[in-house]
>>> print(open('input-v1.pdb').read())   # PDB, N, CA, C and O atoms, pLDDT in the B column
MODEL        1
ATOM      1  N   MET A   1      -7.585  23.333  -2.149  1.00 49.00           N
ATOM      2  CA  MET A   1      -7.506  23.021  -0.729  1.00 49.00           C
ATOM      3  C   MET A   1      -6.446  21.947  -0.511  1.00 49.00           C
ATOM      4  O   MET A   1      -6.505  20.881  -1.089  1.00 49.00           O
ATOM      5  N   GLU A   2      -5.475  22.213   0.307  1.00 61.00           N
ATOM      6  CA  GLU A   2      -4.363  21.301   0.547  1.00 61.00           C
ATOM      7  C   GLU A   2      -4.827  19.997   1.185  1.00 61.00           C
ATOM      8  O   GLU A   2      -4.391  18.918   0.803  1.00 61.00           O
ATOM      9  N   THR A   3      -5.714  20.063   2.163  1.00 66.00           N
ATOM     10  CA  THR A   3      -6.212  18.867   2.841  1.00 66.00           C
ATOM     11  C   THR A   3      -6.933  17.954   1.862  1.00 66.00           C
ATOM     12  O   THR A   3      -6.758  16.744   1.891  1.00 66.00           O
ATOM     13  N   GLU A   4      -7.728  18.535   0.994  1.00 75.00           N
ATOM     14  CA  GLU A   4      -8.476  17.748   0.021  1.00 75.00           C
ATOM     15  C   GLU A   4      -7.539  16.972  -0.887  1.00 75.00           C
ATOM     16  O   GLU A   4      -7.761  15.796  -1.159  1.00 75.00           O
ATOM     17  N   SER A   5      -6.468  17.582  -1.340  1.00 85.00           N
ATOM     18  CA  SER A   5      -5.561  16.908  -2.261  1.00 85.00           C
ATOM     19  C   SER A   5      -4.871  15.710  -1.619  1.00 85.00           C
ATOM     20  O   SER A   5      -4.486  14.771  -2.307  1.00 85.00           O
ATOM     21  N   ALA A   6      -4.739  15.719  -0.312  1.00 85.00           N
ATOM     22  CA  ALA A   6      -4.124  14.587   0.376  1.00 85.00           C
ATOM     23  C   ALA A   6      -5.023  13.348   0.344  1.00 85.00           C
ATOM     24  O   ALA A   6      -4.548  12.222   0.443  1.00 85.00           O
ATOM     25  N   TYR A   7      -6.319  13.546   0.193  1.00 90.00           N
ATOM     26  CA  TYR A   7      -7.275  12.440   0.209  1.00 90.00           C
ATOM     27  C   TYR A   7      -7.910  12.165  -1.151  1.00 90.00           C
ATOM     28  O   TYR A   7      -8.554  11.149  -1.338  1.00 90.00           O
ATOM     29  N   HIS A   8      -7.754  13.067  -2.097  1.00 94.00           N
ATOM     30  CA  HIS A   8      -8.453  12.982  -3.375  1.00 94.00           C
ATOM     31  C   HIS A   8      -7.928  11.836  -4.238  1.00 94.00           C
ATOM     32  O   HIS A   8      -6.872  11.939  -4.855  1.00 94.00           O
ATOM     33  N   CYS A   9      -8.668  10.753  -4.268  1.00 94.00           N
ATOM     34  CA  CYS A   9      -8.393   9.626  -5.156  1.00 94.00           C
ATOM     35  C   CYS A   9      -9.643   8.768  -5.229  1.00 94.00           C
ATOM     36  O   CYS A   9     -10.540   8.878  -4.393  1.00 94.00           O
ATOM     37  N   CYS A  10      -9.729   7.922  -6.208  1.00 96.00           N
ATOM     38  CA  CYS A  10     -10.926   7.107  -6.406  1.00 96.00           C
ATOM     39  C   CYS A  10     -11.278   6.261  -5.182  1.00 96.00           C
ATOM     40  O   CYS A  10     -12.450   6.102  -4.850  1.00 96.00           O
ATOM     41  N   ALA A  11     -10.283   5.718  -4.507  1.00 95.00           N
ATOM     42  CA  ALA A  11     -10.545   4.821  -3.379  1.00 95.00           C
ATOM     43  C   ALA A  11     -11.279   5.507  -2.229  1.00 95.00           C
ATOM     44  O   ALA A  11     -11.889   4.835  -1.407  1.00 95.00           O
ATOM     45  N   THR A  12     -11.267   6.838  -2.169  1.00 96.00           N
ATOM     46  CA  THR A  12     -11.944   7.557  -1.092  1.00 96.00           C
ATOM     47  C   THR A  12     -13.263   8.173  -1.540  1.00 96.00           C
ATOM     48  O   THR A  12     -13.874   8.947  -0.816  1.00 96.00           O
ATOM     49  N   CYS A  13     -13.723   7.815  -2.729  1.00 97.00           N
ATOM     50  CA  CYS A  13     -14.955   8.375  -3.305  1.00 97.00           C
ATOM     51  C   CYS A  13     -16.152   7.467  -3.026  1.00 97.00           C
ATOM     52  O   CYS A  13     -16.012   6.234  -2.960  1.00 97.00           O
ATOM     53  N   ILE A  14     -17.325   8.067  -2.903  1.00 97.00           N
ATOM     54  CA  ILE A  14     -18.543   7.286  -2.640  1.00 97.00           C
ATOM     55  C   ILE A  14     -18.920   6.399  -3.818  1.00 97.00           C
ATOM     56  O   ILE A  14     -19.671   5.448  -3.654  1.00 97.00           O
ATOM     57  N   HIS A  15     -18.399   6.669  -5.004  1.00 97.00           N
ATOM     58  CA  HIS A  15     -18.744   5.903  -6.200  1.00 97.00           C
ATOM     59  C   HIS A  15     -17.789   4.742  -6.475  1.00 97.00           C
ATOM     60  O   HIS A  15     -18.013   3.973  -7.403  1.00 97.00           O
ATOM     61  N   PHE A  16     -16.735   4.613  -5.687  1.00 97.00           N
ATOM     62  CA  PHE A  16     -15.727   3.570  -5.890  1.00 97.00           C
ATOM     63  C   PHE A  16     -16.266   2.213  -5.452  1.00 97.00           C
ATOM     64  O   PHE A  16     -16.798   2.068  -4.356  1.00 97.00           O
ATOM     65  N   ARG A  17     -16.144   1.218  -6.317  1.00 97.00           N
ATOM     66  CA  ARG A  17     -16.614  -0.137  -6.029  1.00 97.00           C
ATOM     67  C   ARG A  17     -15.507  -1.147  -6.305  1.00 97.00           C
ATOM     68  O   ARG A  17     -14.773  -1.026  -7.281  1.00 97.00           O
ATOM     69  N   VAL A  18     -15.429  -2.162  -5.438  1.00 97.00           N
ATOM     70  CA  VAL A  18     -14.505  -3.277  -5.637  1.00 97.00           C
ATOM     71  C   VAL A  18     -15.357  -4.466  -6.063  1.00 97.00           C
ATOM     72  O   VAL A  18     -16.306  -4.828  -5.367  1.00 97.00           O
ATOM     73  N   GLU A  19     -15.039  -5.047  -7.202  1.00 96.00           N
ATOM     74  CA  GLU A  19     -15.799  -6.182  -7.720  1.00 96.00           C
ATOM     75  C   GLU A  19     -14.893  -7.402  -7.792  1.00 96.00           C
ATOM     76  O   GLU A  19     -13.855  -7.371  -8.445  1.00 96.00           O
ATOM     77  N   LYS A  20     -15.310  -8.456  -7.108  1.00 95.00           N
ATOM     78  CA  LYS A  20     -14.545  -9.700  -7.120  1.00 95.00           C
ATOM     79  C   LYS A  20     -15.237 -10.683  -8.045  1.00 95.00           C
ATOM     80  O   LYS A  20     -16.423 -10.959  -7.918  1.00 95.00           O
ATOM     81  N   GLY A  21     -14.483 -11.208  -8.988  1.00 91.00           N
ATOM     82  CA  GLY A  21     -15.028 -12.172  -9.941  1.00 91.00           C
ATOM     83  C   GLY A  21     -14.068 -13.315 -10.140  1.00 91.00           C
ATOM     84  O   GLY A  21     -13.031 -13.413  -9.480  1.00 91.00           O
ATOM     85  N   THR A  22     -14.396 -14.182 -11.064  1.00 92.00           N
ATOM     86  CA  THR A  22     -13.555 -15.348 -11.323  1.00 92.00           C
ATOM     87  C   THR A  22     -12.204 -14.937 -11.901  1.00 92.00           C
ATOM     88  O   THR A  22     -11.218 -15.636 -11.738  1.00 92.00           O
ATOM     89  N   GLY A  23     -12.145 -13.785 -12.562  1.00 91.00           N
ATOM     90  CA  GLY A  23     -10.895 -13.296 -13.144  1.00 91.00           C
ATOM     91  C   GLY A  23     -10.061 -12.482 -12.176  1.00 91.00           C
ATOM     92  O   GLY A  23      -9.015 -11.962 -12.542  1.00 91.00           O
ATOM     93  N   GLY A  24     -10.520 -12.330 -10.937  1.00 95.00           N
ATOM     94  CA  GLY A  24      -9.787 -11.556  -9.941  1.00 95.00           C
ATOM     95  C   GLY A  24     -10.597 -10.360  -9.470  1.00 95.00           C
ATOM     96  O   GLY A  24     -11.809 -10.336  -9.572  1.00 95.00           O
ATOM     97  N   VAL A  25      -9.898  -9.373  -8.977  1.00 96.00           N
ATOM     98  CA  VAL A  25     -10.533  -8.179  -8.431  1.00 96.00           C
ATOM     99  C   VAL A  25     -10.436  -7.047  -9.443  1.00 96.00           C
ATOM    100  O   VAL A  25      -9.397  -6.849 -10.070  1.00 96.00           O
ATOM    101  N   SER A  26     -11.535  -6.329  -9.614  1.00 96.00           N
ATOM    102  CA  SER A  26     -11.502  -5.135 -10.460  1.00 96.00           C
ATOM    103  C   SER A  26     -12.101  -3.977  -9.674  1.00 96.00           C
ATOM    104  O   SER A  26     -12.860  -4.173  -8.727  1.00 96.00           O
ATOM    105  N   TYR A  27     -11.732  -2.774 -10.067  1.00 97.00           N
ATOM    106  CA  TYR A  27     -12.203  -1.565  -9.413  1.00 97.00           C
ATOM    107  C   TYR A  27     -13.026  -0.790 -10.422  1.00 97.00           C
ATOM    108  O   TYR A  27     -12.618  -0.630 -11.568  1.00 97.00           O
ATOM    109  N   ARG A  28     -14.175  -0.284  -9.986  1.00 96.00           N
ATOM    110  CA  ARG A  28     -15.085   0.370 -10.907  1.00 96.00           C
ATOM    111  C   ARG A  28     -15.689   1.619 -10.278  1.00 96.00           C
ATOM    112  O   ARG A  28     -15.940   1.670  -9.086  1.00 96.00           O
ATOM    113  N   CYS A  29     -15.908   2.617 -11.115  1.00 96.00           N
ATOM    114  CA  CYS A  29     -16.626   3.814 -10.695  1.00 96.00           C
ATOM    115  C   CYS A  29     -18.092   3.595 -11.043  1.00 96.00           C
ATOM    116  O   CYS A  29     -18.437   3.440 -12.215  1.00 96.00           O
ATOM    117  N   SER A  30     -18.953   3.583 -10.037  1.00 96.00           N
ATOM    118  CA  SER A  30     -20.371   3.344 -10.292  1.00 96.00           C
ATOM    119  C   SER A  30     -21.036   4.546 -10.961  1.00 96.00           C
ATOM    120  O   SER A  30     -22.053   4.398 -11.633  1.00 96.00           O
ATOM    121  N   ARG A  31     -20.468   5.726 -10.833  1.00 94.00           N
ATOM    122  CA  ARG A  31     -21.035   6.907 -11.475  1.00 94.00           C
ATOM    123  C   ARG A  31     -20.631   6.983 -12.946  1.00 94.00           C
ATOM    124  O   ARG A  31     -21.449   7.198 -13.819  1.00 94.00           O
ATOM    125  N   LEU A  32     -19.355   6.778 -13.217  1.00 92.00           N
ATOM    126  CA  LEU A  32     -18.869   6.849 -14.591  1.00 92.00           C
ATOM    127  C   LEU A  32     -19.061   5.540 -15.348  1.00 92.00           C
ATOM    128  O   LEU A  32     -18.936   5.509 -16.561  1.00 92.00           O
ATOM    129  N   THR A  33     -19.304   4.453 -14.616  1.00 92.00           N
ATOM    130  CA  THR A  33     -19.549   3.105 -15.144  1.00 92.00           C
ATOM    131  C   THR A  33     -18.375   2.514 -15.916  1.00 92.00           C
ATOM    132  O   THR A  33     -18.570   1.785 -16.878  1.00 92.00           O
ATOM    133  N   TYR A  34     -17.164   2.812 -15.492  1.00 90.00           N
ATOM    134  CA  TYR A  34     -16.026   2.151 -16.112  1.00 90.00           C
ATOM    135  C   TYR A  34     -14.964   1.813 -15.087  1.00 90.00           C
ATOM    136  O   TYR A  34     -14.989   2.282 -13.959  1.00 90.00           O
ATOM    137  N   GLU A  35     -14.047   0.971 -15.528  1.00 95.00           N
ATOM    138  CA  GLU A  35     -12.998   0.490 -14.636  1.00 95.00           C
ATOM    139  C   GLU A  35     -12.031   1.617 -14.289  1.00 95.00           C
ATOM    140  O   GLU A  35     -11.732   2.477 -15.114  1.00 95.00           O
ATOM    141  N   THR A  36     -11.561   1.606 -13.044  1.00 96.00           N
ATOM    142  CA  THR A  36     -10.636   2.625 -12.572  1.00 96.00           C
ATOM    143  C   THR A  36      -9.585   1.957 -11.696  1.00 96.00           C
ATOM    144  O   THR A  36      -9.515   0.737 -11.638  1.00 96.00           O
ATOM    145  N   ARG A  37      -8.792   2.740 -11.021  1.00 95.00           N
ATOM    146  CA  ARG A  37      -7.811   2.233 -10.064  1.00 95.00           C
ATOM    147  C   ARG A  37      -7.950   3.059  -8.800  1.00 95.00           C
ATOM    148  O   ARG A  37      -8.357   4.210  -8.854  1.00 95.00           O
ATOM    149  N   PRO A  38      -7.586   2.495  -7.644  1.00 96.00           N
ATOM    150  CA  PRO A  38      -7.745   3.223  -6.376  1.00 96.00           C
ATOM    151  C   PRO A  38      -7.014   4.560  -6.331  1.00 96.00           C
ATOM    152  O   PRO A  38      -7.488   5.505  -5.705  1.00 96.00           O
ATOM    153  N   ASP A  39      -5.881   4.678  -7.016  1.00 95.00           N
ATOM    154  CA  ASP A  39      -5.089   5.906  -6.930  1.00 95.00           C
ATOM    155  C   ASP A  39      -5.395   6.928  -8.030  1.00 95.00           C
ATOM    156  O   ASP A  39      -4.820   8.006  -8.040  1.00 95.00           O
ATOM    157  N   TYR A  40      -6.317   6.623  -8.934  1.00 95.00           N
ATOM    158  CA  TYR A  40      -6.684   7.584  -9.970  1.00 95.00           C
ATOM    159  C   TYR A  40      -7.436   8.761  -9.357  1.00 95.00           C
ATOM    160  O   TYR A  40      -8.036   8.647  -8.292  1.00 95.00           O
ATOM    161  N   ARG A  41      -7.453   9.893 -10.066  1.00 93.00           N
ATOM    162  CA  ARG A  41      -8.160  11.094  -9.625  1.00 93.00           C
ATOM    163  C   ARG A  41      -9.026  11.629 -10.759  1.00 93.00           C
ATOM    164  O   ARG A  41      -8.559  11.751 -11.878  1.00 93.00           O
ATOM    165  N   PHE A  42     -10.269  11.960 -10.433  1.00 91.00           N
ATOM    166  CA  PHE A  42     -11.176  12.574 -11.388  1.00 91.00           C
ATOM    167  C   PHE A  42     -11.823  13.785 -10.734  1.00 91.00           C
ATOM    168  O   PHE A  42     -11.939  13.861  -9.512  1.00 91.00           O
ATOM    169  N   GLN A  43     -12.263  14.732 -11.530  1.00 90.00           N
ATOM    170  CA  GLN A  43     -12.878  15.951 -11.008  1.00 90.00           C
ATOM    171  C   GLN A  43     -14.231  15.678 -10.346  1.00 90.00           C
ATOM    172  O   GLN A  43     -14.711  16.486  -9.566  1.00 90.00           O
ATOM    173  N   CYS A  44     -14.857  14.566 -10.651  1.00 90.00           N
ATOM    174  CA  CYS A  44     -16.180  14.250 -10.106  1.00 90.00           C
ATOM    175  C   CYS A  44     -16.106  13.662  -8.701  1.00 90.00           C
ATOM    176  O   CYS A  44     -17.099  13.199  -8.160  1.00 90.00           O
ATOM    177  N   TRP A  45     -14.970  13.677  -8.074  1.00 93.00           N
ATOM    178  CA  TRP A  45     -14.731  13.064  -6.775  1.00 93.00           C
ATOM    179  C   TRP A  45     -15.681  13.585  -5.709  1.00 93.00           C
ATOM    180  O   TRP A  45     -15.825  14.784  -5.518  1.00 93.00           O
ATOM    181  N   THR A  46     -16.343  12.659  -5.007  1.00 95.00           N
ATOM    182  CA  THR A  46     -17.199  12.980  -3.868  1.00 95.00           C
ATOM    183  C   THR A  46     -16.713  12.122  -2.708  1.00 95.00           C
ATOM    184  O   THR A  46     -16.916  10.912  -2.714  1.00 95.00           O
ATOM    185  N   PRO A  47     -16.072  12.717  -1.703  1.00 96.00           N
ATOM    186  CA  PRO A  47     -15.491  11.927  -0.617  1.00 96.00           C
ATOM    187  C   PRO A  47     -16.557  11.243   0.244  1.00 96.00           C
ATOM    188  O   PRO A  47     -17.667  11.743   0.393  1.00 96.00           O
ATOM    189  N   THR A  48     -16.184  10.101   0.809  1.00 96.00           N
ATOM    190  CA  THR A  48     -17.072   9.401   1.733  1.00 96.00           C
ATOM    191  C   THR A  48     -17.176  10.218   3.024  1.00 96.00           C
ATOM    192  O   THR A  48     -16.387  11.118   3.278  1.00 96.00           O
ATOM    193  N   GLU A  49     -18.161   9.893   3.848  1.00 96.00           N
ATOM    194  CA  GLU A  49     -18.349  10.605   5.116  1.00 96.00           C
ATOM    195  C   GLU A  49     -17.116  10.477   6.012  1.00 96.00           C
ATOM    196  O   GLU A  49     -16.713  11.435   6.665  1.00 96.00           O
ATOM    197  N   LYS A  50     -16.519   9.301   6.029  1.00 96.00           N
ATOM    198  CA  LYS A  50     -15.321   9.090   6.850  1.00 96.00           C
ATOM    199  C   LYS A  50     -14.184  10.013   6.400  1.00 96.00           C
ATOM    200  O   LYS A  50     -13.504  10.619   7.225  1.00 96.00           O
ATOM    201  N   VAL A  51     -14.001  10.142   5.108  1.00 95.00           N
ATOM    202  CA  VAL A  51     -12.945  11.000   4.582  1.00 95.00           C
ATOM    203  C   VAL A  51     -13.255  12.466   4.871  1.00 95.00           C
ATOM    204  O   VAL A  51     -12.369  13.241   5.217  1.00 95.00           O
ATOM    205  N   LYS A  52     -14.516  12.854   4.776  1.00 94.00           N
ATOM    206  CA  LYS A  52     -14.906  14.226   5.115  1.00 94.00           C
ATOM    207  C   LYS A  52     -14.543  14.548   6.565  1.00 94.00           C
ATOM    208  O   LYS A  52     -14.024  15.623   6.856  1.00 94.00           O
ATOM    209  N   ARG A  53     -14.818  13.600   7.464  1.00 94.00           N
ATOM    210  CA  ARG A  53     -14.476  13.814   8.879  1.00 94.00           C
ATOM    211  C   ARG A  53     -12.961  13.926   9.065  1.00 94.00           C
ATOM    212  O   ARG A  53     -12.485  14.765   9.830  1.00 94.00           O
ATOM    213  N   LEU A  54     -12.198  13.086   8.382  1.00 93.00           N
ATOM    214  CA  LEU A  54     -10.739  13.150   8.465  1.00 93.00           C
ATOM    215  C   LEU A  54     -10.214  14.492   7.955  1.00 93.00           C
ATOM    216  O   LEU A  54      -9.310  15.082   8.555  1.00 93.00           O
ATOM    217  N   MET A  55     -10.781  14.989   6.862  1.00 92.00           N
ATOM    218  CA  MET A  55     -10.354  16.276   6.320  1.00 92.00           C
ATOM    219  C   MET A  55     -10.679  17.409   7.291  1.00 92.00           C
ATOM    220  O   MET A  55      -9.865  18.304   7.481  1.00 92.00           O
ATOM    221  N   GLU A  56     -11.852  17.355   7.914  1.00 92.00           N
ATOM    222  CA  GLU A  56     -12.226  18.385   8.892  1.00 92.00           C
ATOM    223  C   GLU A  56     -11.300  18.342  10.102  1.00 92.00           C
ATOM    224  O   GLU A  56     -10.877  19.378  10.597  1.00 92.00           O
ATOM    225  N   ALA A  57     -10.984  17.137  10.565  1.00 91.00           N
ATOM    226  CA  ALA A  57     -10.097  16.998  11.725  1.00 91.00           C
ATOM    227  C   ALA A  57      -8.707  17.534  11.404  1.00 91.00           C
ATOM    228  O   ALA A  57      -8.096  18.225  12.214  1.00 91.00           O
ATOM    229  N   ARG A  58      -8.223  17.249  10.212  1.00 88.00           N
ATOM    230  CA  ARG A  58      -6.900  17.714   9.813  1.00 88.00           C
ATOM    231  C   ARG A  58      -6.891  19.241   9.648  1.00 88.00           C
ATOM    232  O   ARG A  58      -5.918  19.911   9.984  1.00 88.00           O
ATOM    233  N   LYS A  59      -7.992  19.789   9.126  1.00 84.00           N
ATOM    234  CA  LYS A  59      -8.075  21.231   8.932  1.00 84.00           C
ATOM    235  C   LYS A  59      -8.061  21.990  10.262  1.00 84.00           C
ATOM    236  O   LYS A  59      -7.501  23.070  10.357  1.00 84.00           O
ATOM    237  N   SER A  60      -8.635  21.397  11.308  1.00 82.00           N
ATOM    238  CA  SER A  60      -8.710  22.063  12.609  1.00 82.00           C
ATOM    239  C   SER A  60      -7.434  21.902  13.444  1.00 82.00           C
ATOM    240  O   SER A  60      -7.283  22.532  14.474  1.00 82.00           O
ATOM    241  N   GLN A  61      -6.509  21.065  12.992  1.00 78.00           N
ATOM    242  CA  GLN A  61      -5.256  20.895  13.707  1.00 78.00           C
ATOM    243  C   GLN A  61      -4.333  22.069  13.413  1.00 78.00           C
ATOM    244  O   GLN A  61      -4.292  22.564  12.286  1.00 78.00           O
ATOM    245  N   PRO A  62      -3.554  22.508  14.432  1.00 67.00           N
ATOM    246  CA  PRO A  62      -2.652  23.643  14.221  1.00 67.00           C
ATOM    247  C   PRO A  62      -1.479  23.306  13.331  1.00 67.00           C
ATOM    248  O   PRO A  62      -1.107  22.268  13.041  1.00 67.00           O
TER     249      PRO A  62
ENDMDL
END
>>> encode(input="input-v1.pdb", output="structure tokens")
Amino acid sequence: METESAYHCCATCIHFRVEKGTGGVSYRCSRLTYETRPDYRFQCWTPTEKVKRLMEARKSQP
């Protein structure tokens, strides 16, 4: 799906977490339990509700 690929990245997934600590900011996947980056892509991607709405809106545009 073309629309999905435009949004598919860790930062738009329900499992993406931003953790702020004394060493700075880290990004983590709560499902896979390891560090990631906002622009990484994994097959387990589950978009947030907001992203789902954006994809639907884009799909309905001519």
>>> atom_distance(input="input-v1.pdb", atom1="CA of Tyr7 (chain A)", atom2="CA of Tyr34 (chain A)")
21.2 Å
>>> residues_around(input="input-v1.pdb", residues="Val25 (chain A)", least_positions_apart="6", cutoff="12 Å", atoms="only C-alpha atoms", output="short mmCIF file (atom, residue, chain, number, x, y, z; two decimals) with N, CA, C and O atoms, in the coordinates of the input")
data_model
loop_
_atom_site.label_atom_id
_atom_site.label_comp_id
_atom_site.auth_asym_id
_atom_site.auth_seq_id
_atom_site.Cartn_x
_atom_site.Cartn_y
_atom_site.Cartn_z
N ARG A 17 -16.14 1.22 -6.32
CA ARG A 17 -16.61 -0.14 -6.03
C ARG A 17 -15.51 -1.15 -6.30
O ARG A 17 -14.77 -1.03 -7.28
N VAL A 18 -15.43 -2.16 -5.44
CA VAL A 18 -14.50 -3.28 -5.64
C VAL A 18 -15.36 -4.47 -6.06
O VAL A 18 -16.31 -4.83 -5.37
N GLU A 19 -15.04 -5.05 -7.20
CA GLU A 19 -15.80 -6.18 -7.72
C GLU A 19 -14.89 -7.40 -7.79
O GLU A 19 -13.86 -7.37 -8.44
N GLU A 35 -14.05 0.97 -15.53
CA GLU A 35 -13.00 0.49 -14.64
C GLU A 35 -12.03 1.62 -14.29
O GLU A 35 -11.73 2.48 -15.11
N THR A 36 -11.56 1.61 -13.04
CA THR A 36 -10.64 2.62 -12.57
C THR A 36 -9.59 1.96 -11.70
O THR A 36 -9.52 0.74 -11.64
N ARG A 37 -8.79 2.74 -11.02
CA ARG A 37 -7.81 2.23 -10.06
C ARG A 37 -7.95 3.06 -8.80
O ARG A 37 -8.36 4.21 -8.85
N PRO A 38 -7.59 2.50 -7.64
CA PRO A 38 -7.74 3.22 -6.38
C PRO A 38 -7.01 4.56 -6.33
O PRO A 38 -7.49 5.50 -5.70
#
>>> closest_residue(input="input-v1.pdb", among="A:Gln61, A:Trp45, A:Asp39, A:Ser26", to="Cys13 (chain A)", atoms="all atoms listed in the file")
A:Trp45
>>> atom_distance(input="input-v1.pdb", atom1="atom C of Ala6 (chain A)", atom2="atom O of Cys44 (chain A)")
14.8 Å
>>> select_by_dssp(input="input-v1.pdb", residues="chain A", states="strand (DSSP E)", output="number ranges by chain")
A: 16-21, 24-29, 34-35
>>> atom_distance(input="input-v1.pdb", atom1="CA of Ser5 (chain A)", atom2="atom N of Leu32 (chain A)")
20.3 Å
>>> select_by_dssp(input="input-v1.pdb", residues="chain A", states="helix (DSSP H, G or I)", output="ChimeraX atom specification")
/A:2-7,10-12,49-60
>>> axis_aligned_box(input="input-v1.pdb", around="region 53-58 of chain A", padding_each_side="3 Å", output="lines of an AutoDock Vina configuration file")
center_x = -10.4
center_y = 16.5
center_z = 9.3
size_x = 14.9
size_y = 12.8
size_z = 11.9
>>> build_atoms(input="input-v1.pdb", residues="region 36-43 of chain A", atoms="all heavy atoms", output="compact mmCIF listing (two decimals), in the frame of the given file")
# COMPACT_ATOMS: atom_id res chain seq x y z
N THR A 36 -11.56 1.61 -13.04
CA THR A 36 -10.64 2.62 -12.57
C THR A 36 -9.59 1.96 -11.70
O THR A 36 -9.52 0.74 -11.64
CB THR A 36 -11.40 3.74 -11.81
OG1 THR A 36 -10.47 4.77 -11.46
CG2 THR A 36 -12.09 3.22 -10.56
N ARG A 37 -8.79 2.74 -11.02
CA ARG A 37 -7.81 2.23 -10.06
C ARG A 37 -7.95 3.06 -8.80
O ARG A 37 -8.36 4.21 -8.85
CB ARG A 37 -6.40 2.35 -10.63
CG ARG A 37 -6.21 1.48 -11.86
CD ARG A 37 -4.79 1.22 -12.26
NE ARG A 37 -3.84 1.05 -11.19
CZ ARG A 37 -3.52 -0.12 -10.62
NH1 ARG A 37 -4.10 -1.21 -11.01
NH2 ARG A 37 -2.61 -0.17 -9.68
N PRO A 38 -7.59 2.50 -7.64
CA PRO A 38 -7.74 3.22 -6.38
C PRO A 38 -7.01 4.56 -6.33
O PRO A 38 -7.49 5.50 -5.70
CB PRO A 38 -7.16 2.26 -5.34
CG PRO A 38 -7.29 0.91 -5.95
CD PRO A 38 -7.11 1.12 -7.43
N ASP A 39 -5.88 4.68 -7.02
CA ASP A 39 -5.09 5.91 -6.93
C ASP A 39 -5.40 6.93 -8.03
O ASP A 39 -4.82 8.01 -8.04
CB ASP A 39 -3.60 5.58 -6.94
CG ASP A 39 -3.18 4.77 -8.14
OD1 ASP A 39 -4.02 4.03 -8.70
OD2 ASP A 39 -2.01 4.86 -8.54
N TYR A 40 -6.32 6.62 -8.93
CA TYR A 40 -6.68 7.58 -9.97
C TYR A 40 -7.44 8.76 -9.36
O TYR A 40 -8.04 8.65 -8.29
CB TYR A 40 -7.56 6.94 -11.03
CG TYR A 40 -6.84 6.05 -12.01
CD1 TYR A 40 -5.48 5.82 -11.94
CD2 TYR A 40 -7.54 5.41 -13.01
CE1 TYR A 40 -4.84 4.99 -12.84
CE2 TYR A 40 -6.92 4.58 -13.92
CZ TYR A 40 -5.57 4.38 -13.84
OH TYR A 40 -4.95 3.56 -14.72
N ARG A 41 -7.45 9.89 -10.07
CA ARG A 41 -8.16 11.09 -9.62
C ARG A 41 -9.03 11.63 -10.76
O ARG A 41 -8.56 11.75 -11.88
CB ARG A 41 -7.18 12.20 -9.24
CG ARG A 41 -6.41 11.90 -8.01
CD ARG A 41 -5.45 13.03 -7.74
NE ARG A 41 -4.86 12.85 -6.42
CZ ARG A 41 -4.37 13.83 -5.71
NH1 ARG A 41 -4.38 15.06 -6.17
NH2 ARG A 41 -3.87 13.59 -4.52
N PHE A 42 -10.27 11.96 -10.43
CA PHE A 42 -11.18 12.57 -11.39
C PHE A 42 -11.82 13.78 -10.73
O PHE A 42 -11.94 13.86 -9.51
CB PHE A 42 -12.26 11.58 -11.83
CG PHE A 42 -11.72 10.40 -12.58
CD1 PHE A 42 -11.55 9.18 -11.96
CD2 PHE A 42 -11.36 10.52 -13.92
CE1 PHE A 42 -11.04 8.09 -12.63
CE2 PHE A 42 -10.85 9.43 -14.60
CZ PHE A 42 -10.69 8.22 -13.97
N GLN A 43 -12.26 14.73 -11.53
CA GLN A 43 -12.88 15.95 -11.01
C GLN A 43 -14.23 15.68 -10.35
O GLN A 43 -14.71 16.49 -9.57
CB GLN A 43 -13.06 16.99 -12.13
CG GLN A 43 -11.75 17.50 -12.68
CD GLN A 43 -10.91 18.20 -11.61
OE1 GLN A 43 -11.42 18.96 -10.81
NE2 GLN A 43 -9.63 17.92 -11.61
